[in-house]
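Below is one structure, written out as structure tokens, with a few remarks after it.
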Amino acid sequence: MEMHEIRYFLAASETLNFHRAADLVHVGQPALTRAIQKLEAELGGYLFHREKTRVRLTDFGCLMRTHLDEVFQRSETAKSTARSFLSLETASLTLGVMCTIGPLRFIGFLNAFRERYPGIEVTVIEGAASHLTDLLTEGKLDVALLARPEPFDHGLKADPVYRERFGLAFSTGHPFEMRNTLHLTDVRGEAYLERINCEYGDHIDGLCRNIGFDIRSAFRSEREDWILAMIAAGMGVCFIAEYSASHPGVRHRPVVDPEIIREVSLVSVADRLPSPVVSAFAEAVRDHDWQTAE
């Protein structure tokens with residue numbers, strides 16, 4: 001059975017007049033009659049009593065009208081939902097964001113995205129880079145904002161968003177505040193606050209070992225906000241990306257020789273066809289001015 005046959009039948013059952021029903025659905029009466037006859041053949045029984053002066057529903061027609069009206073309404077609902085989704089009037093996006101990325105960097109972008117697409121509901125899932133990568137490949141995330149010192153795994157597609165320098169974060173008034181840049185060796189003699197979820201932690205540890213020393217931690221935490229609060233309280237220093245060192249009382253200076261750069265990318269599964277929502281989000285990310293974002 002075809003949807004137009006159901007629509008013609010419902011029009012005829014409402015008007016009980018094939019001529020008026022044909023006008024209602026904008027077809028000729030012969031076409032409407034043939035469609036109803038085809039529907040009767042498919043269902044296996046007569047839907048109408050065709051009398052000389054009037055048309056009446058049969059008992060079978062009354063029974064089928066309830067079911068076919070439900071089919072038609074569900075079809076209309078499905079089409080309406082599809083139109084809303086494809087036009088981004090009603091849709092959802094699940095975005096993974098590394099917990100080491102400072103939220104202030106994205107407030108302006110997310111606000112602009114919301115104004116541009118008010119019908120898209122964005123759910124932000126925060127976590128370590130490795131965990132978010134797993135969620136992405138399992139289909140539990142649509143896209144993710146990630147960074148790592150080595151190339152991304154095979155099967156993932158990474159589109160660069162912005163770059164930022166790593167450096168040392170310290171409290172206001174620390175002697176480092178008098179300098180424009182710092183070196184890896186400057187961490188020696190300082191109480192070090194270790195960010196457990198730092199995706200560049202092993203990379204930085206390796207660079208330090210290559211020049212003859214190991215970083216010894218005074219405190220370790222998986223909470224970025226705790227580390228920043230301890231830095232502000234003067235409890236120690238920490239290697240951190242410049243845009244993440246956003247906390248009252250925290251200062252930051254980039255490390256040079258060697259310079260450490262983190263490239264944040266919008267990551268998706270390479271062979272997964274992007275939905276209209278994901279495509280819209282990716283386009284908004286490309287259009288945003290990340291150089292001046294705050």
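Residue names in the structure tokens use chain letters A, B, ... in the order shown, residue numbers from 1 in each chain, and ligand numbers from 1 in the order shown.
Residues with any atom within 12 Å of Gly127 of chain A, counting only C-alpha atoms and excluding same-chain neighbours fewer than 6 positions away, are A:Leu95, A:Gly96, A:Val97, A:Met98, A:Cys99, A:Thr100, A:Ile101, A:Thr133, A:Asp134, A:Leu135, A:Leu136, A:Leu141, A:Ala144, A:Leu145, A:Leu146, A:Ile196, A:Asn197, A:Cys198, A:Glu199, A:Glu222, A:Arg223, A:Glu224.
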Handout entry: Neighbour list for Met235 of chain A as a PyMOL selection string, cut-off 10 Å, only C-alpha atoms, skip fewer than 6 positions in-chain
Key = chain A and resi 170-171+190-193+218-219+227-229
Output N, CA, C and O atoms of each residue in that selection to a file, as a PDB file, in the first residue's frame.
ATOM      1  N   PHE A 170      52.060  30.199  37.544  1.00  0.00           N
ATOM      2  CA  PHE A 170      52.571  30.487  38.884  1.00  0.00           C
ATOM      3  C   PHE A 170      51.692  31.570  39.498  1.00  0.00           C
ATOM      4  O   PHE A 170      50.839  32.172  38.820  1.00  0.00           O
ATOM      5  N   SER A 171      51.878  31.852  40.751  1.00  0.00           N
ATOM      6  CA  SER A 171      51.030  32.821  41.447  1.00  0.00           C
ATOM      7  C   SER A 171      51.513  34.242  41.193  1.00  0.00           C
ATOM      8  O   SER A 171      52.685  34.490  40.890  1.00  0.00           O
ATOM      9  N   GLU A 190      61.331  24.272  42.311  1.00  0.00           N
ATOM     10  CA  GLU A 190      59.971  24.730  42.571  1.00  0.00           C
ATOM     11  C   GLU A 190      59.092  23.551  43.001  1.00  0.00           C
ATOM     12  O   GLU A 190      59.284  22.420  42.546  1.00  0.00           O
ATOM     13  N   ALA A 191      58.154  23.815  43.903  1.00  0.00           N
ATOM     14  CA  ALA A 191      57.146  22.797  44.227  1.00  0.00           C
ATOM     15  C   ALA A 191      56.269  22.627  42.990  1.00  0.00           C
ATOM     16  O   ALA A 191      55.683  23.605  42.496  1.00  0.00           O
ATOM     17  N   TYR A 192      56.184  21.384  42.499  1.00  0.00           N
ATOM     18  CA  TYR A 192      55.460  21.165  41.243  1.00  0.00           C
ATOM     19  C   TYR A 192      54.088  20.563  41.512  1.00  0.00           C
ATOM     20  O   TYR A 192      53.935  19.623  42.311  1.00  0.00           O
ATOM     21  N   LEU A 193      53.085  21.101  40.827  1.00  0.00           N
ATOM     22  CA  LEU A 193      51.705  20.639  40.956  1.00  0.00           C
ATOM     23  C   LEU A 193      51.347  19.884  39.674  1.00  0.00           C
ATOM     24  O   LEU A 193      51.267  20.478  38.597  1.00  0.00           O
ATOM     25  N   ALA A 218      54.902  17.805  44.111  1.00  0.00           N
ATOM     26  CA  ALA A 218      54.520  18.026  45.504  1.00  0.00           C
ATOM     27  C   ALA A 218      53.058  17.634  45.708  1.00  0.00           C
ATOM     28  O   ALA A 218      52.689  17.080  46.754  1.00  0.00           O
ATOM     29  N   PHE A 219      52.222  17.910  44.693  1.00  0.00           N
ATOM     30  CA  PHE A 219      50.801  17.532  44.719  1.00  0.00           C
ATOM     31  C   PHE A 219      50.408  17.051  43.331  1.00  0.00           C
ATOM     32  O   PHE A 219      50.930  17.514  42.319  1.00  0.00           O
ATOM     33  N   ILE A 227      44.093  22.393  40.799  1.00  0.00           N
ATOM     34  CA  ILE A 227      45.479  22.755  40.502  1.00  0.00           C
ATOM     35  C   ILE A 227      45.611  24.268  40.367  1.00  0.00           C
ATOM     36  O   ILE A 227      46.525  24.888  40.927  1.00  0.00           O
ATOM     37  N   LEU A 228      44.681  24.892  39.624  1.00  0.00           N
ATOM     38  CA  LEU A 228      44.739  26.339  39.448  1.00  0.00           C
ATOM     39  C   LEU A 228      44.564  27.077  40.772  1.00  0.00           C
ATOM     40  O   LEU A 228      45.223  28.101  41.025  1.00  0.00           O
ATOM     41  N   ALA A 229      43.681  26.572  41.623  1.00  0.00           N
ATOM     42  CA  ALA A 229      43.486  27.206  42.936  1.00  0.00           C
ATOM     43  C   ALA A 229      44.745  27.088  43.787  1.00  0.00           C
ATOM     44  O   ALA A 229      45.115  28.038  44.507  1.00  0.00           O
TER      45      ALA A 229
END
Exercise for the section: Check the smallest atom-to-atom distance from each of A:Arg74, A:Lys79, A:Arg65, A:Arg179 to Ala12 of chain A using only C-alpha atoms, then report the winner. Expected result: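 Looking only at the distances to Ala12 of chain A, the closest residue turns out to be A:Arg65.
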Practice task
Just give me the gap between atom CA of Met3 of chain A and atom CA of Thr58 of chain A in Å, one decimal is fine.
Solution key: 20.9 Å
Problem - Every residue of segment 188-217 of chain A that DSSP places in strand (DSSP E or B), as an NGL selection string - result: :A and (192-195 or 217)
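Within the 9 Å cut-off around Arg56 of chain A, using only C-alpha atoms and omitting residues fewer than 2 positions from it on the same chain, the listed residues are Ser13, Leu16, Asn17, Leu47, Phe48, His49, Arg50, Glu51, Arg54, Thr58 and Gly61 of chain A.
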Practice task
Tell me which of A:Glu42, A:Glu115, A:Glu5, A:Asp23 sits closest to Ala284 of chain A, counting only C-alpha atoms.
Solution key: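 Among the listed residues, the smallest separation from Ala284 of chain A belongs to A:Glu115.
For Gly212 of chain A, the non-local neighbours within 12 Å, defined as residues at least 6 positions apart in the same chain or in other chains and counting only C-alpha atoms, are Leu184, Thr185, Arg188, Asp205 and Gly206 of chain A.
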The selected residues should be written to file as a PDB file, in the first residue's frame (atoms: N, CA and C atoms).
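Okay, this is what ended up in out01.pdb:
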ATOM      1  N   LEU A 184      62.549  25.043  30.480  1.00  0.00           N
ATOM      2  CA  LEU A 184      62.176  23.826  31.203  1.00  0.00           C
ATOM      3  C   LEU A 184      62.919  23.719  32.522  1.00  0.00           C
ATOM      4  N   THR A 185      64.179  24.114  32.514  1.00  0.00           N
ATOM      5  CA  THR A 185      64.990  23.970  33.726  1.00  0.00           C
ATOM      6  C   THR A 185      64.522  24.876  34.861  1.00  0.00           C
ATOM      7  N   ARG A 188      63.060  23.383  38.170  1.00  0.00           N
ATOM      8  CA  ARG A 188      63.886  22.810  39.251  1.00  0.00           C
ATOM      9  C   ARG A 188      63.910  23.751  40.453  1.00  0.00           C
ATOM     10  N   ASP A 205      57.615  15.353  30.496  1.00  0.00           N
ATOM     11  CA  ASP A 205      58.531  14.584  31.349  1.00  0.00           C
ATOM     12  C   ASP A 205      59.725  14.085  30.550  1.00  0.00           C
ATOM     13  N   GLY A 206      59.465  13.608  29.325  1.00  0.00           N
ATOM     14  CA  GLY A 206      60.547  13.108  28.484  1.00  0.00           C
ATOM     15  C   GLY A 206      61.520  14.208  28.086  1.00  0.00           C
TER      16      GLY A 206
END
Handout entry: Residue contacts of Asp142 of chain A (9 Å, only C-alpha atoms) excluding same-chain residues fewer than 6 positions away, as a ChimeraX atom specification
Key = /A:93-96,136,268-269,274-275,278
Problem - One-decimal distance in Å that lies between atom CA of His203 of chain A and atom CA of Ser244 of chain A - result: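 A separation of 18.0 Å between them.
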Handout entry: Contacts of His4 of chain A within 10 Å, only C-alpha atoms, excl. fewer than 3 positions in-chain, as a list in words
Key = Met1, Arg7, Tyr8, Phe9, Leu10, Val25, Leu32, Ala35, Ile36 and Phe72 of chain A
Practice task
Measuring atom to atom with only C-alpha atoms, identify which of A:Gly44, A:Gly108, A:Pro254, A:Pro30 is nearest to Phe166 of chain A.
Solution key: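 Closest to Phe166 of chain A of all the choices is A:Pro254.
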Exercise for the section: Write out as a ChimeraX atom specification which residues come within 12 Å of Ala232 of chain A when counting only C-alpha atoms, dropping same-chain ones fewer than 2 positions away. Expected result: /A:169-174,193,225-230,234-238,245-252
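Among the candidate residues A:Glu126, A:Glu2, A:Glu121, A:Asp257, the one lying nearest to Asp186 of chain A is A:Asp257, with distances computed using only C-alpha atoms.
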Practice task
Would you mind reading off the distance between atom CA of Ala147 of chain A and atom CA of Val264 of chain A, one decimal, in Å?
Solution key: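 Interatomic distance, atom CA of Ala147 of chain A to atom CA of Val264 of chain A: 4.7 Å.
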